[in-house]
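Structure data (mmCIF, C-alpha atoms) from model.cif:
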data_upload
loop_
_atom_site.label_atom_id
_atom_site.label_comp_id
_atom_site.auth_asym_id
_atom_site.auth_seq_id
_atom_site.Cartn_x
_atom_site.Cartn_y
_atom_site.Cartn_z
CA LYS A 4 0.00 0.00 0.00
CA ASN A 5 1.29 3.45 -0.94
CA GLN A 6 2.11 5.56 2.11
CA VAL A 7 3.53 8.98 2.90
CA GLU A 8 4.78 9.60 6.42
CA GLN A 9 5.65 13.08 7.67
CA SER A 10 7.57 14.15 10.73
CA PRO A 11 7.32 15.82 13.08
CA GLN A 12 3.54 15.99 13.50
CA SER A 13 3.87 19.51 14.84
CA LEU A 14 6.63 22.02 15.45
CA ILE A 15 6.98 25.36 17.19
CA ILE A 16 9.87 27.66 16.28
CA LEU A 17 10.78 31.26 16.97
CA GLU A 18 10.40 33.84 14.25
CA GLY A 19 13.59 34.19 12.23
CA LYS A 20 14.79 30.65 12.91
CA ASN A 21 15.18 27.90 10.30
CA CYS A 22 13.45 24.53 10.33
CA THR A 23 13.35 21.29 8.35
CA LEU A 24 10.33 19.07 7.80
CA GLN A 25 10.68 15.42 6.77
CA CYS A 26 8.76 13.17 4.39
CA ASN A 27 9.29 9.43 3.86
CA TYR A 28 7.30 7.61 1.20
CA THR A 29 6.63 4.10 -0.03
CA VAL A 30 4.89 4.96 -3.30
CA SER A 31 5.61 2.86 -6.34
CA PRO A 32 6.04 3.61 -9.13
CA PHE A 33 7.29 7.09 -8.32
CA SER A 34 6.58 10.04 -10.61
CA ASN A 35 6.90 13.22 -8.59
CA LEU A 36 6.89 14.65 -5.09
CA ARG A 37 5.17 17.87 -4.09
CA TRP A 38 5.08 20.07 -1.05
CA TYR A 39 1.97 22.11 -0.30
CA LYS A 40 1.29 24.81 2.29
CA GLN A 41 -2.18 24.86 3.82
CA ASP A 42 -3.17 27.83 5.95
CA THR A 43 -5.88 27.17 8.53
CA GLY A 44 -9.29 27.14 6.86
CA ARG A 45 -7.85 27.48 3.34
CA GLY A 46 -7.03 25.16 0.46
CA PRO A 47 -3.51 23.78 -0.10
CA VAL A 48 -1.16 25.89 -2.20
CA SER A 49 1.71 24.37 -4.16
CA LEU A 50 5.26 25.18 -3.02
CA THR A 51 7.41 22.82 -5.12
CA ILE A 52 7.09 19.89 -7.51
CA MET A 53 10.08 17.58 -8.07
CA THR A 54 10.46 14.72 -10.51
CA PHE A 55 12.70 11.68 -10.15
CA SER A 56 15.67 13.45 -11.75
CA GLU A 57 15.58 16.51 -9.49
CA ASN A 58 17.16 16.46 -6.04
CA THR A 59 16.57 20.05 -4.96
CA LYS A 60 14.13 22.82 -5.74
CA SER A 61 13.65 26.24 -4.22
CA ASN A 62 10.75 28.65 -3.97
CA GLY A 63 11.87 31.76 -2.14
CA ARG A 64 12.67 30.81 1.46
CA TYR A 65 11.44 27.25 0.87
CA THR A 66 13.89 24.61 -0.36
CA ALA A 67 12.83 21.02 -0.98
CA THR A 68 15.23 18.12 -1.39
CA LEU A 69 14.57 14.65 -2.75
CA ASP A 70 16.53 11.42 -2.35
CA ALA A 71 14.76 8.93 -4.60
CA ASP A 72 17.10 6.12 -3.54
CA THR A 73 16.13 6.34 0.14
CA LYS A 74 12.61 7.62 -0.68
CA GLN A 75 12.99 10.66 1.52
CA SER A 76 12.30 14.34 1.05
CA SER A 77 12.75 17.38 3.24
CA LEU A 78 11.40 20.91 3.19
CA HIS A 79 13.72 23.53 4.65
CA ILE A 80 12.31 26.91 5.64
CA THR A 81 14.82 29.71 6.07
CA ALA A 82 14.38 32.79 8.26
CA SER A 83 10.85 31.86 9.29
CA GLN A 84 8.09 34.44 9.38
CA LEU A 85 4.80 34.50 11.29
CA SER A 86 3.01 33.90 7.98
CA ASP A 87 4.78 30.56 7.66
CA SER A 88 2.48 29.20 10.38
CA ALA A 89 0.52 26.54 8.51
CA SER A 90 0.30 22.83 7.75
CA TYR A 91 2.87 21.55 5.26
CA ILE A 92 1.76 18.56 3.25
CA CYS A 93 3.98 16.14 1.31
CA VAL A 94 2.29 14.54 -1.70
CA VAL A 95 3.67 11.76 -3.91
CA GLY A 96 2.55 10.73 -7.42
CA PRO A 97 1.95 9.23 -9.95
CA GLY A 98 -1.40 8.81 -11.46
CA SER A 99 -4.81 10.23 -10.78
CA THR A 100 -4.55 9.09 -7.18
CA LEU A 101 -1.88 11.12 -5.47
CA THR A 102 -0.91 9.94 -1.98
CA PHE A 103 -1.13 12.73 0.58
CA GLY A 104 0.71 12.85 3.88
CA LYS A 105 -1.09 13.98 7.03
CA GLY A 106 0.98 17.13 7.18
CA THR A 107 3.27 18.83 9.67
CA MET A 108 1.68 21.68 11.62
CA LEU A 109 4.19 24.52 11.97
CA LEU A 110 3.69 27.38 14.40
CA VAL A 111 6.06 30.32 14.18
CA SER A 112 6.09 32.22 17.45
CA PRO A 113 7.07 35.90 17.81
CA ASN M 4 -8.45 35.78 -11.57
CA ALA M 5 -10.76 33.70 -9.36
CA GLY M 6 -9.10 30.27 -9.92
CA VAL M 7 -11.18 27.49 -8.32
CA THR M 8 -14.37 28.62 -6.57
CA GLN M 9 -16.39 26.40 -4.23
CA THR M 10 -19.81 26.98 -2.72
CA PRO M 11 -21.07 26.78 -0.07
CA LYS M 12 -18.22 27.34 2.39
CA PHE M 13 -20.18 25.85 5.28
CA ARG M 14 -23.24 23.62 5.46
CA ILE M 15 -25.02 21.59 8.10
CA LEU M 16 -27.14 18.67 6.92
CA LYS M 17 -29.44 16.27 8.69
CA ILE M 18 -28.95 12.53 8.22
CA GLY M 19 -30.66 11.42 5.02
CA GLN M 20 -30.70 14.84 3.36
CA SER M 21 -29.05 15.45 0.00
CA MET M 22 -27.08 18.38 -1.33
CA THR M 23 -24.72 19.48 -4.08
CA LEU M 24 -21.34 21.10 -3.58
CA GLN M 25 -20.55 23.44 -6.44
CA CYS M 26 -17.12 23.88 -8.02
CA THR M 27 -16.17 26.23 -10.86
CA GLN M 28 -12.78 27.00 -12.36
CA ASP M 29 -11.91 29.78 -14.77
CA MET M 30 -8.48 28.51 -15.89
CA ASN M 31 -9.80 26.33 -18.75
CA HIS M 32 -8.35 23.24 -17.07
CA ASN M 33 -9.40 19.85 -18.40
CA TYR M 34 -8.70 17.95 -15.19
CA MET M 35 -10.83 18.45 -12.10
CA TYR M 36 -10.94 16.58 -8.77
CA TRP M 37 -12.88 16.29 -5.55
CA TYR M 38 -11.04 15.46 -2.34
CA ARG M 39 -12.13 15.11 1.26
CA GLN M 40 -9.96 15.99 4.23
CA ASP M 41 -10.78 14.43 7.58
CA PRO M 42 -9.16 15.72 10.80
CA GLY M 43 -5.59 14.46 11.15
CA MET M 44 -5.74 12.58 7.85
CA GLY M 45 -4.35 13.09 4.36
CA LEU M 46 -6.62 14.17 1.53
CA LYS M 47 -8.51 11.35 -0.18
CA LEU M 48 -9.68 11.44 -3.80
CA ILE M 49 -13.44 11.02 -4.23
CA TYR M 50 -13.96 11.51 -7.98
CA TYR M 51 -12.09 13.06 -10.85
CA SER M 52 -12.73 14.16 -14.42
CA VAL M 53 -10.36 14.42 -17.38
CA GLY M 54 -12.74 16.52 -19.46
CA ALA M 55 -16.37 17.39 -20.08
CA GLY M 56 -18.51 14.27 -20.09
CA ILE M 57 -15.80 12.04 -18.57
CA THR M 58 -15.67 11.15 -14.88
CA ASP M 59 -14.12 8.35 -12.86
CA LYS M 60 -14.06 7.09 -9.29
CA GLY M 61 -11.26 7.82 -6.92
CA GLU M 62 -10.32 6.17 -3.66
CA VAL M 63 -13.50 6.91 -1.65
CA PRO M 64 -16.47 7.35 -4.06
CA ASN M 65 -19.26 5.64 -2.07
CA GLY M 66 -22.14 7.96 -1.19
CA TYR M 67 -21.20 10.55 -3.82
CA ASN M 68 -21.92 11.31 -7.45
CA VAL M 69 -20.48 13.78 -9.94
CA SER M 70 -21.18 15.16 -13.38
CA ARG M 71 -19.12 17.23 -15.81
CA SER M 72 -21.29 18.89 -18.42
CA THR M 73 -18.90 21.80 -19.03
CA THR M 74 -15.16 22.38 -18.73
CA GLU M 75 -15.73 24.94 -15.97
CA ASP M 76 -18.08 23.11 -13.60
CA PHE M 77 -17.69 19.92 -11.57
CA PRO M 78 -20.45 19.57 -8.95
CA LEU M 79 -20.33 16.89 -6.23
CA ARG M 80 -23.66 15.38 -5.17
CA LEU M 81 -24.18 13.82 -1.75
CA GLU M 82 -27.16 11.49 -1.59
CA LEU M 83 -28.64 10.38 1.75
CA ALA M 84 -26.07 12.18 3.91
CA ALA M 85 -24.47 10.18 6.73
CA PRO M 86 -22.37 11.32 9.72
CA SER M 87 -19.35 9.65 8.08
CA GLN M 88 -19.54 12.30 5.35
CA THR M 89 -18.76 15.05 7.84
CA SER M 90 -15.55 16.47 6.41
CA VAL M 91 -13.95 19.33 4.54
CA TYR M 92 -14.29 18.96 0.78
CA PHE M 93 -11.80 20.43 -1.66
CA CYS M 94 -12.22 20.83 -5.38
CA ALA M 95 -9.05 21.10 -7.47
CA SER M 96 -8.06 21.47 -11.09
CA SER M 97 -4.99 21.00 -13.24
CA SER M 98 -4.13 21.73 -16.85
CA GLY M 99 -2.61 18.32 -17.42
CA ARG M 100 -2.28 14.92 -15.88
CA VAL M 101 -2.11 15.16 -12.10
CA ASP M 102 1.26 13.40 -12.04
CA THR M 103 2.84 16.20 -14.06
CA GLY M 104 0.72 19.31 -13.69
CA GLU M 105 0.34 21.67 -10.79
CA LEU M 106 -2.84 21.21 -8.78
CA PHE M 107 -4.92 24.30 -7.87
CA PHE M 108 -7.30 23.96 -4.93
CA GLY M 109 -10.42 25.82 -3.95
CA GLU M 110 -10.94 27.20 -0.45
CA GLY M 111 -12.93 24.20 0.72
CA SER M 112 -16.49 23.42 1.80
CA ARG M 113 -16.96 22.36 5.42
CA LEU M 114 -19.87 19.92 5.76
CA THR M 115 -21.35 18.67 9.01
CA VAL M 116 -23.94 15.88 9.02
CA LEU M 117 -25.99 15.60 12.24
#
Spit out the file's structure as structure tokens when you get a sec.
Amino acid sequence: KNQVEQSPQSLIILEGKNCTLQCNYTVSPFSNLRWYKQDTGRGPVSLTIMTFSENTKSNGRYTATLDADTKQSSLHITASQLSDSASYICVVGPGSTLTFGKGTMLLVSP
Amino acid sequence: NAGVTQTPKFRILKIGQSMTLQCTQDMNHNYMYWYRQDPGMGLKLIYYSVGAGITDKGEVPNGYNVSRSTTEDFPLRLELAAPSQTSVYFCASSSGRVDTGELFFGEGSRLTVL
């Protein structure tokens, strides 16, 4: 069964600090891995999409890495801001049925 | 640019009632999807459509129906609502296959069945 596991479940950091969120997956065959940001009460918004051949991708202060051999990905957030408080969801393809992780809830404290 | 628009945002239903969640996108995307998000769980695909007139079941289709008469609209019908259908529903669209194209989500419709 395809699975996406994210850690930690939740995280509190001080504004301005960096953090790294983890994603392990057992999805086969693999097509791509995405990270989404979901603000409370809103729909998910895409941060990055990586295919098998890509091992890093950045979107502003967000940098995602992918190790297809170990089936692991991480999302690094640099110089966190209060607006980064949200759930971060790892999603793995392929096909019409993407496999969604449960998300990591990040709270950035002033 | 509105993107993906869902209505209603909130709804309370009694057991056995029926309702339709509306979804409209203005990006001329061929692919549209309905997901549900339960507390503490990952999103699950209910139904999807690859174009007008074409729909297919996802992972959790029981208790739901869809139609796709136009490119823009993809309504989700709940028949005989049950407490297990209490959830947040998200409509999404993409220009291409979901394993290659970016997915755009609506703001969600929170449904409570009592």
Inset, instruction - Using atom CA of Leu24 of chain A and atom CA of Ile52 of chain A as the two end points, give the distance in Å to one decimal. - result: 15.7 Å
Inset, instruction - Determine the nearest neighbour of chain A from the options M:Phe77, M:Phe13, M:Trp37, M:Tyr51, counting all atoms listed in the file. - result: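 Looking at the shortest contact to chain A, the residue is M:Tyr51.
What separates atom CA of Leu110 of chain A from atom CA of Thr51 of chain A is a distance of 20.4 Å.
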Inset, instruction - Quick one: everything within 8 Å of Asp42 of chain A, counting all atoms listed in the file, minus sequence neighbours fewer than 5 positions away in the same chain. Send it as a list in words. - result: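 Counting only the stated atoms, we get Pro47, Ser88, Ala89 and Ser90 of chain A.
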Inset, instruction - Name the closest residue to chain A among the candidates M:Ala55, M:Leu83, M:Leu106, M:Leu24; distances are taken between atoms, counting only C-alpha atoms. - result: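 Distance minimum relative to chain A lands on M:Leu106.
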Inset, instruction - Translate the PyMOL selection byres ((chain A) within 12 of (chain M)), as applied to the file shown, into an explicit residue set as a PyMOL selection string. - result: chain A and resi 6-9+12-13+32-55+90-108
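Residues in contact range of Ser21 of chain M, defined as at most 6 Å between all atoms listed in the file, with sequence neighbours fewer than 5 positions away removed, read Leu81, Glu82, Leu83 and Ala84 of chain M.
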